[in-house]
Amino acid sequence: MSTTPSPPASRSKQAAIVGFGPVGQMIASILAPHGWHIHALDRRPRVSFDDAEALNTLEQYLEVDARQPTPTTAETLTGCSLVVLAVPEESALETLEALAPLLPADALLVETLSRKDRLRAHLAAAVPEHAMLSINPLFHPGLGPRGNRIAVVDPITHPTVTDVLSCIEDAGARVVSLSAREHDDELVPVQALTHSALLAFATSLPHIVTDIDRCLEFAPPPTRLLMALAARVTSGSPETYWDIQGAAPGQRPARDTLANALARLDDDIAQDSSASFAQSLAENQSWFNTRLASLTDLAQTALSHTIDTTAQRPAASDDQTPATPSSKENPNVHDDH
């Protein structure tokens with residue numbers, strides 16, 4: 001796709017964000033501090049949003065279904081040099097096809113799809129004369145961009161692209177440049193594997209745990225951490241996790257890999273093969289290679305946040321000598337079950 005000239009000064013800092021959900025709101029918060037005037041398009045009433053800070057970033061809010069643009073929609077879009085598509089995959093192509101005739105020829109289109117293989121080519125075909133930037137925030141927008149990563153797929157040389165990426169970095173996010181193949185063949189399967197494991201864990205809990213409050217009283221730190229992560233995933237946007245779960249062309253779903261790993265564990269238990277189980281752990285340890293120590297330390301930090309620090313310790317008498325911590329209390333020992 002060829003680059004396009006810079007837009008006129010009257011439109012150089014006007015941005016339309018189509019879809020003002022969590023991703024759209026985060027992008028607005030990234031752009032607004034840098035002089036961008038944000039116009040949000042969403043079919044939900046403005047009063048349905050309870051985040052006053054996000055609304056305060058807006059120049060304009062249009063309650064409209066972008067797949068059925070109105071004259072006001074057309075007027076807004078023709079005045080923008082940047083259009084961000086922050087809608088679910090299932091409606092992205094239909095939305096863009098409806099809006100394409102309204103976009104200025106020199107406007108930059110930013111798409112935020114979780115998967116790039118299925119629709120990116122179709123999106124580009126819908127607006128062949130437009131420059132396009134593909135990004136994917138690799139975190140829940142509620143966490144905020146600072147310290148997190150945003151994947152940027154095959155960025156082109158374009159003044160507005162440079163501006164947008166600068167805004168992302170100034171917000172504290174790390175820009176990770178990937179090819180489309182790297183994104184879909186490596187990044188997406190890892191995301192799908194992570195979410196599959198958490199969703200399977202969440203789905204299994206009601207079949208094992210009868211009283212969640214009682215379980216949390218005696219659950220060890222890894223269990224509490226996994227329960228917290230499962231709760232976060234299950235309370236998130238179904239559309240986001242659904243988009244990620246499909247396999248890229250020619251690839252088996254990550255769920256198959258997860259199922260095979262569980263089947264191997266089942267076989268080891270059924271055959272009472274502790275040697276095979278130990279071999280599996282050794283293979284895993286070898287794969288982590290030089291990252292093993294740093295990731296173990298990261299786990300220690302994360303697990304420490306699941307501990308109830310408000311618990312009262314018994315007061316020690318003057319003649320008592322503090323006991324040496326057991327292996328379970330020693331933070332350098334990682335047998336935290």
# chains A, B, ... in the order shown; residues from 1 in each chain; ligands from 1
call {"tool": "residues_around", "arguments": {"residues": "Pro145 of chain A", "least_positions_apart": "3", "cutoff": "8 Å", "atoms": "only C-alpha atoms", "output": "JSON, numbers by chain"}}
result
{"A": [26, 141, 148, 149, 168, 171, 172, 173]}
call {"tool": "residues_around", "arguments": {"residues": "segment 211-214 of chain A", "least_positions_apart": "5", "cutoff": "12 Å", "atoms": "only C-alpha atoms", "output": "PDB file with all heavy atoms, in the first residue's frame"}}
result
ATOM      1  N   ALA A 202     -11.436 -21.888  34.642  1.00  0.00           N
ATOM      2  CA  ALA A 202     -12.649 -21.263  35.166  1.00  0.00           C
ATOM      3  C   ALA A 202     -13.857 -22.170  35.000  1.00  0.00           C
ATOM      4  O   ALA A 202     -14.709 -22.265  35.903  1.00  0.00           O
ATOM      5  CB  ALA A 202     -12.894 -19.926  34.447  1.00  0.00           C
ATOM      6  N   LEU A 205     -13.775 -25.044  37.676  1.00  0.00           N
ATOM      7  CA  LEU A 205     -13.938 -24.717  39.097  1.00  0.00           C
ATOM      8  C   LEU A 205     -15.309 -25.079  39.670  1.00  0.00           C
ATOM      9  O   LEU A 205     -15.384 -25.689  40.745  1.00  0.00           O
ATOM     10  CB  LEU A 205     -13.633 -23.233  39.322  1.00  0.00           C
ATOM     11  CG  LEU A 205     -12.161 -22.834  39.308  1.00  0.00           C
ATOM     12  CD1 LEU A 205     -12.019 -21.311  39.355  1.00  0.00           C
ATOM     13  CD2 LEU A 205     -11.418 -23.465  40.494  1.00  0.00           C
ATOM     14  N   PRO A 206     -16.431 -24.731  38.998  1.00  0.00           N
ATOM     15  CA  PRO A 206     -17.731 -25.050  39.591  1.00  0.00           C
ATOM     16  C   PRO A 206     -17.982 -26.546  39.762  1.00  0.00           C
ATOM     17  O   PRO A 206     -18.829 -26.943  40.570  1.00  0.00           O
ATOM     18  CB  PRO A 206     -18.739 -24.443  38.596  1.00  0.00           C
ATOM     19  CG  PRO A 206     -17.967 -23.400  37.859  1.00  0.00           C
ATOM     20  CD  PRO A 206     -16.570 -23.935  37.770  1.00  0.00           C
ATOM     21  N   ALA A 219      -6.954 -21.828  49.916  1.00  0.00           N
ATOM     22  CA  ALA A 219      -6.255 -21.980  48.635  1.00  0.00           C
ATOM     23  C   ALA A 219      -4.835 -21.429  48.722  1.00  0.00           C
ATOM     24  O   ALA A 219      -4.619 -20.318  49.237  1.00  0.00           O
ATOM     25  CB  ALA A 219      -7.022 -21.259  47.537  1.00  0.00           C
ATOM     26  N   THR A 223      -3.148 -20.976  43.362  1.00  0.00           N
ATOM     27  CA  THR A 223      -4.575 -21.165  43.095  1.00  0.00           C
ATOM     28  C   THR A 223      -5.311 -19.837  43.145  1.00  0.00           C
ATOM     29  O   THR A 223      -6.152 -19.535  42.284  1.00  0.00           O
ATOM     30  CB  THR A 223      -5.183 -22.140  44.109  1.00  0.00           C
ATOM     31  OG1 THR A 223      -4.493 -23.390  44.034  1.00  0.00           O
ATOM     32  CG2 THR A 223      -6.667 -22.372  43.824  1.00  0.00           C
ATOM     33  N   ARG A 224      -5.000 -19.015  44.148  1.00  0.00           N
ATOM     34  CA  ARG A 224      -5.662 -17.707  44.248  1.00  0.00           C
ATOM     35  C   ARG A 224      -5.322 -16.831  43.042  1.00  0.00           C
ATOM     36  O   ARG A 224      -6.177 -16.122  42.516  1.00  0.00           O
ATOM     37  CB  ARG A 224      -5.250 -16.999  45.547  1.00  0.00           C
ATOM     38  CG  ARG A 224      -5.833 -17.649  46.797  1.00  0.00           C
ATOM     39  CD  ARG A 224      -5.761 -16.693  47.988  1.00  0.00           C
ATOM     40  NE  ARG A 224      -4.395 -16.368  48.373  1.00  0.00           N
ATOM     41  CZ  ARG A 224      -3.654 -17.076  49.216  1.00  0.00           C
ATOM     42  NH1 ARG A 224      -4.163 -18.184  49.767  1.00  0.00           N
ATOM     43  NH2 ARG A 224      -2.429 -16.710  49.514  1.00  0.00           N
ATOM     44  N   MET A 227      -7.251 -18.148  40.057  1.00  0.00           N
ATOM     45  CA  MET A 227      -8.664 -17.801  40.194  1.00  0.00           C
ATOM     46  C   MET A 227      -8.887 -16.332  39.867  1.00  0.00           C
ATOM     47  O   MET A 227      -9.883 -15.960  39.228  1.00  0.00           O
ATOM     48  CB  MET A 227      -9.154 -18.133  41.601  1.00  0.00           C
ATOM     49  CG  MET A 227      -9.251 -19.638  41.876  1.00  0.00           C
ATOM     50  SD  MET A 227      -9.765 -20.042  43.566  1.00  0.00           S
ATOM     51  CE  MET A 227     -11.508 -19.591  43.510  1.00  0.00           C
ATOM     52  N   ALA A 228      -7.964 -15.484  40.282  1.00  0.00           N
ATOM     53  CA  ALA A 228      -8.083 -14.052  39.969  1.00  0.00           C
ATOM     54  C   ALA A 228      -7.979 -13.809  38.465  1.00  0.00           C
ATOM     55  O   ALA A 228      -8.749 -13.024  37.891  1.00  0.00           O
ATOM     56  CB  ALA A 228      -6.999 -13.273  40.710  1.00  0.00           C
ATOM     57  N   ALA A 231     -11.124 -15.028  36.803  1.00  0.00           N
ATOM     58  CA  ALA A 231     -12.218 -14.093  37.039  1.00  0.00           C
ATOM     59  C   ALA A 231     -12.104 -12.892  36.101  1.00  0.00           C
ATOM     60  O   ALA A 231     -13.109 -12.396  35.573  1.00  0.00           O
ATOM     61  CB  ALA A 231     -12.215 -13.633  38.497  1.00  0.00           C
TER      62      ALA A 231
END
call {"tool": "residues_around", "arguments": {"residues": "Ala151 of chain A", "least_positions_apart": "5", "cutoff": "9 Å", "atoms": "only C-alpha atoms", "output": "number ranges by chain"}}
result
A: 134-138, 174-178, 183
call {"tool": "write_last_selection", "arguments": {"atoms": "C-alpha atoms", "output": "compact mmCIF listing (two decimals), in the first residue's frame"}}
result
# COMPACT_ATOMS: atom_id res chain seq x y z
CA SER A 134 -2.40 -2.29 12.14
CA ILE A 135 -2.00 -2.35 15.92
CA ASN A 136 -2.95 -4.77 18.67
CA PRO A 137 -2.79 -3.82 22.36
CA LEU A 138 -1.40 -6.91 24.09
CA ARG A 174 6.35 -0.25 24.37
CA VAL A 175 5.86 -0.51 20.60
CA VAL A 176 6.71 -4.00 19.33
CA SER A 177 7.06 -4.14 15.54
CA LEU A 178 6.03 -7.45 14.00
CA HIS A 183 1.76 -11.70 14.66
call {"tool": "residues_around", "arguments": {"residues": "segment 28-36 of chain A", "least_positions_apart": "3", "cutoff": "7 Å", "atoms": "only C-alpha atoms", "output": "PyMOL selection string"}}
result
chain A and resi 13-15+24-25+54+57+167-168+171
call {"tool": "write_last_selection", "arguments": {"atoms": "all heavy atoms", "output": "JSON list (two decimals), in the first residue's frame"}}
result
[["chain", "number", "residue", "atom", "x", "y", "z"],
["A", 13, "LYS", "N", -5.06, 17.27, 12.96],
["A", 13, "LYS", "CA", -5.16, 16.73, 14.31],
["A", 13, "LYS", "C", -6.60, 16.38, 14.67],
["A", 13, "LYS", "O", -6.99, 16.47, 15.83],
["A", 13, "LYS", "CB", -4.60, 17.75, 15.31],
["A", 13, "LYS", "CG", -3.08, 17.84, 15.33],
["A", 13, "LYS", "CD", -2.45, 16.62, 15.99],
["A", 13, "LYS", "CE", -0.97, 16.80, 16.22],
["A", 13, "LYS", "NZ", -0.36, 15.68, 16.96],
["A", 14, "GLN", "N", -7.38, 15.97, 13.69],
["A", 14, "GLN", "CA", -8.76, 15.55, 13.91],
["A", 14, "GLN", "C", -8.82, 14.02, 13.76],
["A", 14, "GLN", "O", -8.42, 13.49, 12.72],
["A", 14, "GLN", "CB", -9.72, 16.21, 12.92],
["A", 14, "GLN", "CG", -9.68, 17.73, 12.93],
["A", 14, "GLN", "CD", -10.22, 18.33, 14.22],
["A", 14, "GLN", "OE1", -11.13, 17.78, 14.85],
["A", 14, "GLN", "NE2", -9.65, 19.47, 14.62],
["A", 15, "ALA", "N", -9.28, 13.33, 14.80],
["A", 15, "ALA", "CA", -9.31, 11.87, 14.78],
["A", 15, "ALA", "C", -10.71, 11.36, 15.10],
["A", 15, "ALA", "O", -11.34, 11.81, 16.07],
["A", 15, "ALA", "CB", -8.32, 11.31, 15.79],
["A", 24, "GLY", "N", -11.16, 1.75, 22.26],
["A", 24, "GLY", "CA", -11.35, 3.10, 21.74],
["A", 24, "GLY", "C", -11.08, 4.17, 22.78],
["A", 24, "GLY", "O", -10.46, 5.20, 22.48],
["A", 25, "GLN", "N", -11.53, 3.92, 24.02],
["A", 25, "GLN", "CA", -11.29, 4.90, 25.09],
["A", 25, "GLN", "C", -9.80, 5.03, 25.39],
["A", 25, "GLN", "O", -9.30, 6.14, 25.63],
["A", 25, "GLN", "CB", -12.06, 4.48, 26.34],
["A", 25, "GLN", "CG", -13.57, 4.56, 26.19],
["A", 25, "GLN", "CD", -14.30, 4.06, 27.41],
["A", 25, "GLN", "OE1", -13.90, 4.28, 28.54],
["A", 25, "GLN", "NE2", -15.41, 3.36, 27.19],
["A", 54, "ALA", "N", -12.75, 9.54, 30.40],
["A", 54, "ALA", "CA", -12.71, 9.16, 28.99],
["A", 54, "ALA", "C", -13.56, 10.11, 28.15],
["A", 54, "ALA", "O", -13.16, 10.55, 27.06],
["A", 54, "ALA", "CB", -13.19, 7.72, 28.82],
["A", 57, "THR", "N", -12.10, 13.54, 27.17],
["A", 57, "THR", "CA", -11.10, 13.63, 26.10],
["A", 57, "THR", "C", -11.73, 13.98, 24.76],
["A", 57, "THR", "O", -11.01, 14.24, 23.79],
["A", 57, "THR", "CB", -10.33, 12.30, 25.94],
["A", 57, "THR", "OG1", -11.24, 11.27, 25.52],
["A", 57, "THR", "CG2", -9.67, 11.89, 27.25],
["A", 167, "CYS", "N", 2.87, 9.05, 20.09],
["A", 167, "CYS", "CA", 1.88, 9.21, 21.17],
["A", 167, "CYS", "C", 1.82, 7.95, 22.03],
["A", 167, "CYS", "O", 1.73, 8.03, 23.27],
["A", 167, "CYS", "CB", 0.50, 9.50, 20.58],
["A", 167, "CYS", "SG", 0.32, 11.12, 19.81],
["A", 168, "ILE", "N", 1.88, 6.78, 21.39],
["A", 168, "ILE", "CA", 1.83, 5.52, 22.12],
["A", 168, "ILE", "C", 3.04, 5.39, 23.06],
["A", 168, "ILE", "O", 2.90, 5.03, 24.23],
["A", 168, "ILE", "CB", 1.79, 4.33, 21.13],
["A", 168, "ILE", "CG1", 0.43, 4.28, 20.42],
["A", 168, "ILE", "CG2", 2.05, 3.01, 21.85],
["A", 168, "ILE", "CD1", 0.35, 3.26, 19.31],
["A", 171, "ALA", "N", 2.92, 7.62, 26.04],
["A", 171, "ALA", "CA", 1.98, 7.14, 27.06],
["A", 171, "ALA", "C", 2.60, 6.05, 27.93],
["A", 171, "ALA", "O", 1.96, 5.57, 28.87],
["A", 171, "ALA", "CB", 0.70, 6.62, 26.41]]
call {"tool": "select_by_dssp", "arguments": {"residues": "segment 95-300 of chain A", "states": "strand (DSSP E)", "output": "number ranges by chain"}}
result
A: 108-111, 131-137, 149-153, 174-178
call {"tool": "write_last_selection", "arguments": {"atoms": "N, CA and C atoms", "output": "PDB file, in the first residue's frame"}}
result
ATOM      1  N   LEU A 108      -5.391   8.451   7.423  1.00  0.00           N
ATOM      2  CA  LEU A 108      -4.778   7.205   7.873  1.00  0.00           C
ATOM      3  C   LEU A 108      -5.835   6.382   8.601  1.00  0.00           C
ATOM      4  N   LEU A 109      -5.948   5.114   8.236  1.00  0.00           N
ATOM      5  CA  LEU A 109      -6.869   4.196   8.899  1.00  0.00           C
ATOM      6  C   LEU A 109      -6.073   3.313   9.848  1.00  0.00           C
ATOM      7  N   VAL A 110      -6.487   3.267  11.106  1.00  0.00           N
ATOM      8  CA  VAL A 110      -5.857   2.404  12.108  1.00  0.00           C
ATOM      9  C   VAL A 110      -6.848   1.320  12.486  1.00  0.00           C
ATOM     10  N   GLU A 111      -6.456   0.048  12.345  1.00  0.00           N
ATOM     11  CA  GLU A 111      -7.325  -1.054  12.776  1.00  0.00           C
ATOM     12  C   GLU A 111      -6.699  -1.740  13.979  1.00  0.00           C
ATOM     13  N   ALA A 131      -3.719   4.812   3.411  1.00  0.00           N
ATOM     14  CA  ALA A 131      -2.663   4.241   4.238  1.00  0.00           C
ATOM     15  C   ALA A 131      -3.314   3.576   5.446  1.00  0.00           C
ATOM     16  N   MET A 132      -2.724   2.467   5.893  1.00  0.00           N
ATOM     17  CA  MET A 132      -3.309   1.723   7.011  1.00  0.00           C
ATOM     18  C   MET A 132      -2.236   1.360   8.021  1.00  0.00           C
ATOM     19  N   LEU A 133      -2.605   1.438   9.295  1.00  0.00           N
ATOM     20  CA  LEU A 133      -1.733   1.019  10.387  1.00  0.00           C
ATOM     21  C   LEU A 133      -2.459  -0.043  11.194  1.00  0.00           C
ATOM     22  N   SER A 134      -1.814  -1.195  11.368  1.00  0.00           N
ATOM     23  CA  SER A 134      -2.400  -2.288  12.141  1.00  0.00           C
ATOM     24  C   SER A 134      -1.730  -2.365  13.508  1.00  0.00           C
ATOM     25  N   ILE A 135      -2.537  -2.246  14.562  1.00  0.00           N
ATOM     26  CA  ILE A 135      -2.003  -2.349  15.917  1.00  0.00           C
ATOM     27  C   ILE A 135      -2.830  -3.348  16.708  1.00  0.00           C
ATOM     28  N   ASN A 136      -2.252  -3.848  17.784  1.00  0.00           N
ATOM     29  CA  ASN A 136      -2.951  -4.774  18.671  1.00  0.00           C
ATOM     30  C   ASN A 136      -2.439  -4.577  20.092  1.00  0.00           C
ATOM     31  N   PRO A 137      -3.213  -3.929  20.963  1.00  0.00           N
ATOM     32  CA  PRO A 137      -2.791  -3.818  22.362  1.00  0.00           C
ATOM     33  C   PRO A 137      -2.742  -5.207  22.999  1.00  0.00           C
ATOM     34  N   ARG A 149       2.668  -3.554  26.273  1.00  0.00           N
ATOM     35  CA  ARG A 149       3.136  -3.635  24.895  1.00  0.00           C
ATOM     36  C   ARG A 149       1.979  -3.496  23.909  1.00  0.00           C
ATOM     37  N   ILE A 150       2.246  -2.799  22.832  1.00  0.00           N
ATOM     38  CA  ILE A 150       1.297  -2.685  21.729  1.00  0.00           C
ATOM     39  C   ILE A 150       1.993  -3.168  20.464  1.00  0.00           C
ATOM     40  N   ALA A 151       1.458  -4.226  19.877  1.00  0.00           N
ATOM     41  CA  ALA A 151       2.039  -4.754  18.642  1.00  0.00           C
ATOM     42  C   ALA A 151       1.673  -3.855  17.475  1.00  0.00           C
ATOM     43  N   VAL A 152       2.655  -3.586  16.627  1.00  0.00           N
ATOM     44  CA  VAL A 152       2.455  -2.790  15.419  1.00  0.00           C
ATOM     45  C   VAL A 152       2.909  -3.654  14.254  1.00  0.00           C
ATOM     46  N   VAL A 153       1.998  -3.896  13.310  1.00  0.00           N
ATOM     47  CA  VAL A 153       2.266  -4.840  12.230  1.00  0.00           C
ATOM     48  C   VAL A 153       2.674  -4.101  10.960  1.00  0.00           C
ATOM     49  N   ARG A 174       5.234   0.172  25.210  1.00  0.00           N
ATOM     50  CA  ARG A 174       6.346  -0.254  24.368  1.00  0.00           C
ATOM     51  C   ARG A 174       5.795  -0.711  23.024  1.00  0.00           C
ATOM     52  N   VAL A 175       6.267  -0.122  21.944  1.00  0.00           N
ATOM     53  CA  VAL A 175       5.858  -0.515  20.601  1.00  0.00           C
ATOM     54  C   VAL A 175       6.694  -1.711  20.161  1.00  0.00           C
ATOM     55  N   VAL A 176       6.025  -2.804  19.806  1.00  0.00           N
ATOM     56  CA  VAL A 176       6.708  -4.002  19.327  1.00  0.00           C
ATOM     57  C   VAL A 176       6.341  -4.192  17.863  1.00  0.00           C
ATOM     58  N   SER A 177       7.312  -4.005  16.980  1.00  0.00           N
ATOM     59  CA  SER A 177       7.056  -4.141  15.542  1.00  0.00           C
ATOM     60  C   SER A 177       7.140  -5.609  15.137  1.00  0.00           C
ATOM     61  N   LEU A 178       6.115  -6.060  14.437  1.00  0.00           N
ATOM     62  CA  LEU A 178       6.035  -7.449  13.998  1.00  0.00           C
ATOM     63  C   LEU A 178       5.627  -7.493  12.537  1.00  0.00           C
TER      64      LEU A 178
END
